[in-house]
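Each remark here refers to the structure printed beneath this line.
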Amino acid sequence: MSTLADLFTLAMVAGGALLFLAGTLGLLRFPDTLSRLHALSKADNLGLGLIVLGLLPQVDSIAGGLKLVCVWLLAQLSAATASQLIAGALHRRKSGR
Amino acid sequence: MAEFLTGAALFILAVTALGLFRVLRSELAVERMMAVQLLGTGAAAALLLLGAASNTPAMTDVALLLMLLAAFSCAAFTLGQSDEAADAAAPKGDEP
Amino acid sequence: MNLLLDLALVAWLIVLAIHVARTGDDRNAIIAFIAFGLLLGLAWTRLGAIDVALTEAAIGGGITGLLLLRAEAHLRRGRQAGSAPRKASGATSIVAALASAAIALGLGLAVLAFPSPAPTLAPPALAAIDATGLGNPVTAVLLAYRALDTLLEKVVVLLALLGVWALTPDHLWGGAPALKEANPPQPLLYLARTLPPFGVLIAVYMVWVGADAPGGTFQAGSILAAMWLLVMLAGLRPAPETRSRLLRLLLVGGPALFFAIGFLGFAVAGGFLAYPEPLAKALIVGIEAALTVAIALALGLLVAGPSSKAPAP
C-alpha cells in the first residue's frame, strides 16, 4: 500500500515539476505577452496542483493535508487575480498611447 | 523518497529562477513581474516539497503566506503602472 | 542533493543582489528585489529559521514591495515635474564600491573569526522553556527571556511612524493619508473583497500557533497590515484620519499593555517583565494579541505615509 502511495507521489510530483518547466519555457518562448501570461497560469494551477496532490499521501495528519489543499486554493485565487491585473495593465498601456 | 522530493524542489527552483534571470535581462516590466510571479509559485512548491522531505510541517505555513500575498505585490505593481499610461514609455515588446 | 540546493540558492541570491545593485532603472530593481525576498525566505528555511522565513514572506511579499513601488512612483512624478535624474559620478561609484568591499571583507572576517563550535545559549534556553509554558523557543526568547528588546522594538516602530507623520505639512495635520487609487481596476476590487477574510484567518492562526510552533506577532501583524492596505487601495474603506483617538489608542495599546504587565512583574514576580509562572503563557498570548493589532496599524500607516488631506471639520 505504501509503495503504491509512493509511486503515486513520484508520478504526480514529476508531472508537476515538468509543468513548471513547461510554464517557464512558455514564458521565454511564446510570441507575445498575453500568450506568455497564459503559459504562466498553467504552472500556477496545474503544476502546484499536481505537487499538492502528490504530497497528500505523504502527510500524516488530516490538518496537514487540509493546509496543503488551502495553499493550492489560495494559489488559485492569487494567480487568477494577478493574471487579470497584469492583463489589465497591459491593456491600459496599449489603449493609453 | 526524501532525496527525490528535494531533487524535485531543486529542479523547480532552478527552472523558475533561470527563467527569471532570462527575463530580467531583456524584457518588459510586466514580463518581469510575471517571472517573479512564477518564481513565487515555484518557491511555494519547493517549500511544500522540502517540508515533506525534511518532515517539517511548519514549512507549509511559509508556502501558505507566499500564496496569500502572491497577488499583493502584483497589485502594487499594476498600481504604479496605471499613471504611466500617459507618458510615452519604452516601445512594447509584445509584437511578434 | 541538499548541498547542491544550498549552493544553488546562495549563487542565485548573490547574482540577484548584484543585479539589484547594478540595475539603473528603479522599478526593475524593485521587481528583482521582490524576487530576492522570495529566495531569501527559502534560504531562511534551509537554515532552520522558519520564524524568520515567515517574517520574510510576510514583510517581503506584503509590505516592502508596495512601499518601494509607491515611493518610486512618487519620485518619478517629482522627476517629471522637476530636474533630470541624478547620475552617480565615476568617483562616487568607486567610493561606494570600496566601502561595500570593506564591509563585505569585515563581515567575512567576523564570521571566520568565530570559534569552531560557535558559542550558543540554545541548550539553556530550551532547558528553561517549561517555565514559560511555551513550546516555540523563538517566542520564548522574544517574549520571555529578552522581552525588554521586543518591547523597545515595538516602541521603535511607533517612533518610525511619528517620523513619517512629522513630514505632514501643518495645514494637513490630523488628516487622512491618500492611498486610494483614482481608478482601481476591477480585479483589485475583487481581490480586496475576497482575500482579507483568508488573511485575517491566517493572521489569527499565526499568533495562536506562535506559542508552540513557528509564527508570531510580527508575521501576523504584517499580514493584517497587507490586508488593510489592500482594502484601502481599492477604496472599499477610506484611510483613517491620523487624529482619530481610537486609532491612536490602538497604536499605543499594544506597547502600553506590555509596559503595564512589565511593571506588574515588580509586584507579583519580583522584577520588570517577570511573569508569574502559572500565568506566563496566558500573559504572553495576551501581549501578543494586543501587539499584533498595534503592529498591523503601525505598518499599514507607515506604508500609507503622511496625511495628504486636510482633516474634515
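Within each chain, counting starts at residue 1; across the C-alpha cells, chains are named A, B, ... in the order shown, with ligands numbered 1 upward in that order.
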Please provide as a list of chain:residue names all residues within 9 Å of Leu77 of chain A, with the sequence filter that same-chain residues fewer than 2 positions apart are discarded (counting only C-alpha atoms).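 Result of the neighbour search: A:Trp72, A:Leu73, A:Leu74, A:Ala75, A:Ala79, A:Ala80, A:Thr81, A:Ala82, B:Met67, B:Leu68, B:Ala71, C:Leu191, C:Thr194, C:Leu195.
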Quick one: write out the picked residues with C-alpha atoms as an mmCIF file, in the first residue's frame?
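Contents of the output file part_12.cif:
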```
data_model
loop_
_atom_site.group_PDB
_atom_site.id
_atom_site.type_symbol
_atom_site.label_atom_id
_atom_site.label_comp_id
_atom_site.auth_asym_id
_atom_site.auth_seq_id
_atom_site.Cartn_x
_atom_site.Cartn_y
_atom_site.Cartn_z
ATOM 1 C CA TRP A 72 -3.405 25.399 -3.632
ATOM 2 C CA LEU A 73 -6.782 27.121 -3.284
ATOM 3 C CA LEU A 74 -5.097 30.383 -2.276
ATOM 4 C CA ALA A 75 -2.775 29.993 -5.256
ATOM 5 C CA ALA A 79 -2.946 33.543 -9.720
ATOM 6 C CA ALA A 80 -6.289 34.298 -11.327
ATOM 7 C CA THR A 81 -6.400 37.820 -9.932
ATOM 8 C CA ALA A 82 -2.753 38.509 -10.671
ATOM 9 C CA MET B 67 0.495 32.227 -1.799
ATOM 10 C CA LEU B 68 -1.685 34.518 0.297
ATOM 11 C CA ALA B 71 -1.187 38.686 -5.792
ATOM 12 C CA LEU C 191 -9.084 40.791 -4.528
ATOM 13 C CA THR C 194 -12.107 38.051 -1.214
ATOM 14 C CA LEU C 195 -8.594 37.968 0.223
#
```
Excluding segment 183-185 of chain C and its own-chain neighbours fewer than 6 positions away, which residues fall within 12 Å of it when counting only C-alpha atoms? Please give them as a list of chain:residue names.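 Listing them by chain and then by number gives A:Thr81, A:Ala82, A:Gln84, A:Leu85, A:Ile86, A:Ala87, A:Gly88, A:Ala89, A:His91, A:Arg92, B:Ala75, B:Ala76, B:Thr78, B:Leu79, B:Gly80, B:Gln81, B:Ser82, B:Asp83, C:Leu191, C:Ala192, C:Leu230, C:Val231, C:Met232, C:Leu233, C:Ala234, C:Gly235, C:Leu236.
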Can you pull out the residues contacting Ala46 of chain B? Cut-off 9 Å, using only C-alpha atoms, and skip same-chain residues under 4 positions away; I want them as a list in words.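 Here the qualifying residues turn out to be Leu5, Thr6, Ala8, Ala9, Leu10, Phe11, Ile12, Leu13, Thr41, Gly42, Leu50, Gly51 and Ala63 of chain B; Leu42 of chain C.
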Only N, CA and C atoms, please: the residues just picked out, written as a compact mmCIF listing (two decimals), in the first residue's frame.
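In the end it all went to result-v4.txt:
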```
# COMPACT_ATOMS: atom_id res chain seq x y z
N LEU B 5 12.20 14.12 -3.43
CA LEU B 5 11.43 15.36 -3.22
C LEU B 5 12.35 16.58 -3.24
N THR B 6 13.53 16.44 -2.58
CA THR B 6 14.48 17.55 -2.61
C THR B 6 14.93 17.83 -4.03
N ALA B 8 13.27 17.27 -6.75
CA ALA B 8 12.19 17.93 -7.48
C ALA B 8 12.13 19.41 -7.11
N ALA B 9 12.32 19.72 -5.81
CA ALA B 9 12.31 21.13 -5.39
C ALA B 9 13.43 21.89 -6.08
N LEU B 10 14.62 21.28 -6.11
CA LEU B 10 15.76 21.94 -6.76
C LEU B 10 15.46 22.17 -8.23
N PHE B 11 14.87 21.17 -8.87
CA PHE B 11 14.55 21.29 -10.30
C PHE B 11 13.60 22.45 -10.56
N ILE B 12 12.53 22.50 -9.76
CA ILE B 12 11.52 23.55 -9.97
C ILE B 12 12.13 24.92 -9.73
N LEU B 13 12.92 25.04 -8.66
CA LEU B 13 13.54 26.33 -8.36
C LEU B 13 14.49 26.73 -9.48
N THR B 41 5.34 31.03 -7.20
CA THR B 41 4.66 29.74 -7.18
C THR B 41 5.68 28.61 -7.07
N GLY B 42 6.79 28.76 -7.81
CA GLY B 42 7.83 27.73 -7.75
C GLY B 42 8.39 27.61 -6.34
N LEU B 50 10.08 20.46 0.13
CA LEU B 50 11.15 20.36 1.13
C LEU B 50 10.56 20.07 2.50
N GLY B 51 9.38 20.65 2.78
CA GLY B 51 8.74 20.37 4.06
C GLY B 51 8.41 18.90 4.20
N ALA B 63 4.75 28.51 2.81
CA ALA B 63 4.14 28.46 1.48
C ALA B 63 2.77 29.11 1.49
N LEU C 42 13.29 31.32 1.28
CA LEU C 42 13.68 29.91 1.13
C LEU C 42 15.00 29.62 1.83
```
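The protein and nucleic acid residues lying at most 12 Å from Leu4 of chain A are Phe8, Thr9, Leu10, Ala11, Gly54, Pro57 and Gln58 of chain A, with only C-alpha atoms considered and sequence neighbours fewer than 4 positions away removed.
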Distance-based interface of chain A with chain B, 8 Å, counting only C-alpha atoms, as a PyMOL selection string: chain A and resi 6+10+13-14+17+20-21+24-25+27-28+31-33+37+40+43-44+48+51-52+55+58-59+64+67-68+70-71+74-75+78-79+81-82+85-86+89-90+92-94+96-97
Check every residue of chain C for an atom within 7 Å of chain B, counting only C-alpha atoms, and provide those that qualify as a list in words.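 Filtering chain C at 7 Å from chain B with only C-alpha atoms gives Met1, Asn2, Leu5, Asn28, Ile31, Ala35, Leu38, Ile50, Ala53, Leu54, Ala57, Ala58, Gly61, Gly62, Gly65, Leu66, Leu69, Arg70, Ala73, Leu188 and Pro214 of chain C.
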May I ask which of the residues A:Ala39, A:Ser95, A:Ser83, A:Gly23 is the closest one to chain C, counting only C-alpha atoms?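 The closest residue to chain C is A:Ser83.
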Run DSSP on the backbone and tell me which residues of chain B come out as alpha helix (DSSP H); list them as a CSV table (one decimal) with C-alpha atoms, in the first residue's frame.
```csv
chain,number,residue,atom,x,y,z
B,2,ALA,CA,13.2,12.5,0.7
B,3,GLU,CA,16.0,12.6,-1.9
B,4,PHE,CA,13.6,12.6,-4.7
B,5,LEU,CA,11.4,15.4,-3.2
B,6,THR,CA,14.5,17.5,-2.6
B,7,GLY,CA,15.6,16.9,-6.2
B,8,ALA,CA,12.2,17.9,-7.5
B,9,ALA,CA,12.3,21.1,-5.4
B,10,LEU,CA,15.8,21.9,-6.8
B,11,PHE,CA,14.6,21.3,-10.3
B,12,ILE,CA,11.5,23.6,-10.0
B,13,LEU,CA,13.5,26.3,-8.4
B,14,ALA,CA,16.3,26.1,-11.0
B,15,VAL,CA,13.8,26.2,-13.8
B,16,THR,CA,11.8,29.2,-12.5
B,17,ALA,CA,14.9,31.1,-11.3
B,18,LEU,CA,16.7,30.6,-14.6
B,19,GLY,CA,13.5,31.8,-16.4
B,20,LEU,CA,13.6,34.9,-14.1
B,21,PHE,CA,17.2,35.6,-14.9
B,22,ARG,CA,16.5,35.4,-18.7
B,23,VAL,CA,13.5,37.7,-18.4
B,24,LEU,CA,15.3,40.2,-16.1
B,25,ARG,CA,17.9,41.0,-18.6
B,26,SER,CA,15.8,42.0,-21.5
B,29,ALA,CA,8.5,45.4,-16.8
B,30,VAL,CA,5.2,43.4,-17.0
B,31,GLU,CA,7.0,40.3,-18.0
B,32,ARG,CA,9.5,40.7,-15.2
B,33,MET,CA,6.6,40.8,-12.8
B,34,MET,CA,5.2,37.6,-14.5
B,35,ALA,CA,8.5,35.9,-14.0
B,36,VAL,CA,8.5,36.9,-10.3
B,37,GLN,CA,5.0,35.5,-10.0
B,38,LEU,CA,6.2,32.2,-11.5
B,39,LEU,CA,9.2,32.2,-9.1
B,40,GLY,CA,6.7,32.8,-6.2
B,41,THR,CA,4.7,29.7,-7.2
B,42,GLY,CA,7.8,27.7,-7.7
B,43,ALA,CA,9.1,28.7,-4.3
B,44,ALA,CA,5.9,27.7,-2.7
B,45,ALA,CA,6.0,24.3,-4.5
B,46,ALA,CA,9.6,23.9,-3.4
B,47,LEU,CA,8.7,24.7,0.2
B,48,LEU,CA,6.0,22.1,0.2
B,49,LEU,CA,8.3,19.5,-1.3
B,50,LEU,CA,11.1,20.4,1.1
B,51,GLY,CA,8.7,20.4,4.1
B,52,ALA,CA,7.6,16.9,3.1
B,53,ALA,CA,11.2,15.8,2.5
B,54,SER,CA,12.5,17.0,5.9
B,58,ALA,CA,5.8,24.4,9.6
B,59,MET,CA,7.3,25.0,6.1
B,60,THR,CA,3.7,24.6,4.7
B,61,ASP,CA,2.9,27.8,6.6
B,62,VAL,CA,5.6,29.7,4.8
B,63,ALA,CA,4.1,28.5,1.5
B,64,LEU,CA,0.7,29.5,2.7
B,65,LEU,CA,1.9,33.0,3.4
B,66,LEU,CA,3.7,33.2,0.0
B,67,MET,CA,0.5,32.2,-1.8
B,68,LEU,CA,-1.7,34.5,0.3
B,70,ALA,CA,1.3,36.4,-4.2
B,71,ALA,CA,-1.2,38.7,-5.8
B,72,PHE,CA,-0.4,41.5,-3.4
B,73,SER,CA,2.9,42.6,-5.0
B,74,CYS,CA,1.4,42.2,-8.4
B,75,ALA,CA,-1.4,44.5,-7.4
B,76,ALA,CA,1.1,47.0,-6.0
B,77,PHE,CA,3.0,46.8,-9.3
B,78,THR,CA,0.0,47.5,-11.5
B,79,LEU,CA,-1.0,50.5,-9.4
B,80,GLY,CA,2.4,52.1,-10.1
B,81,GLN,CA,1.8,51.3,-13.7
B,82,SER,CA,-1.6,53.0,-14.0
```
Neighbour list for Ala203 of chain C as a ChimeraX atom specification, cut-off 12 Å, only C-alpha atoms, skip fewer than 5 positions in-chain: /B:61,64-65,68 /C:54-55,58,196-198,208-210,215-227,288-289,292-293,296
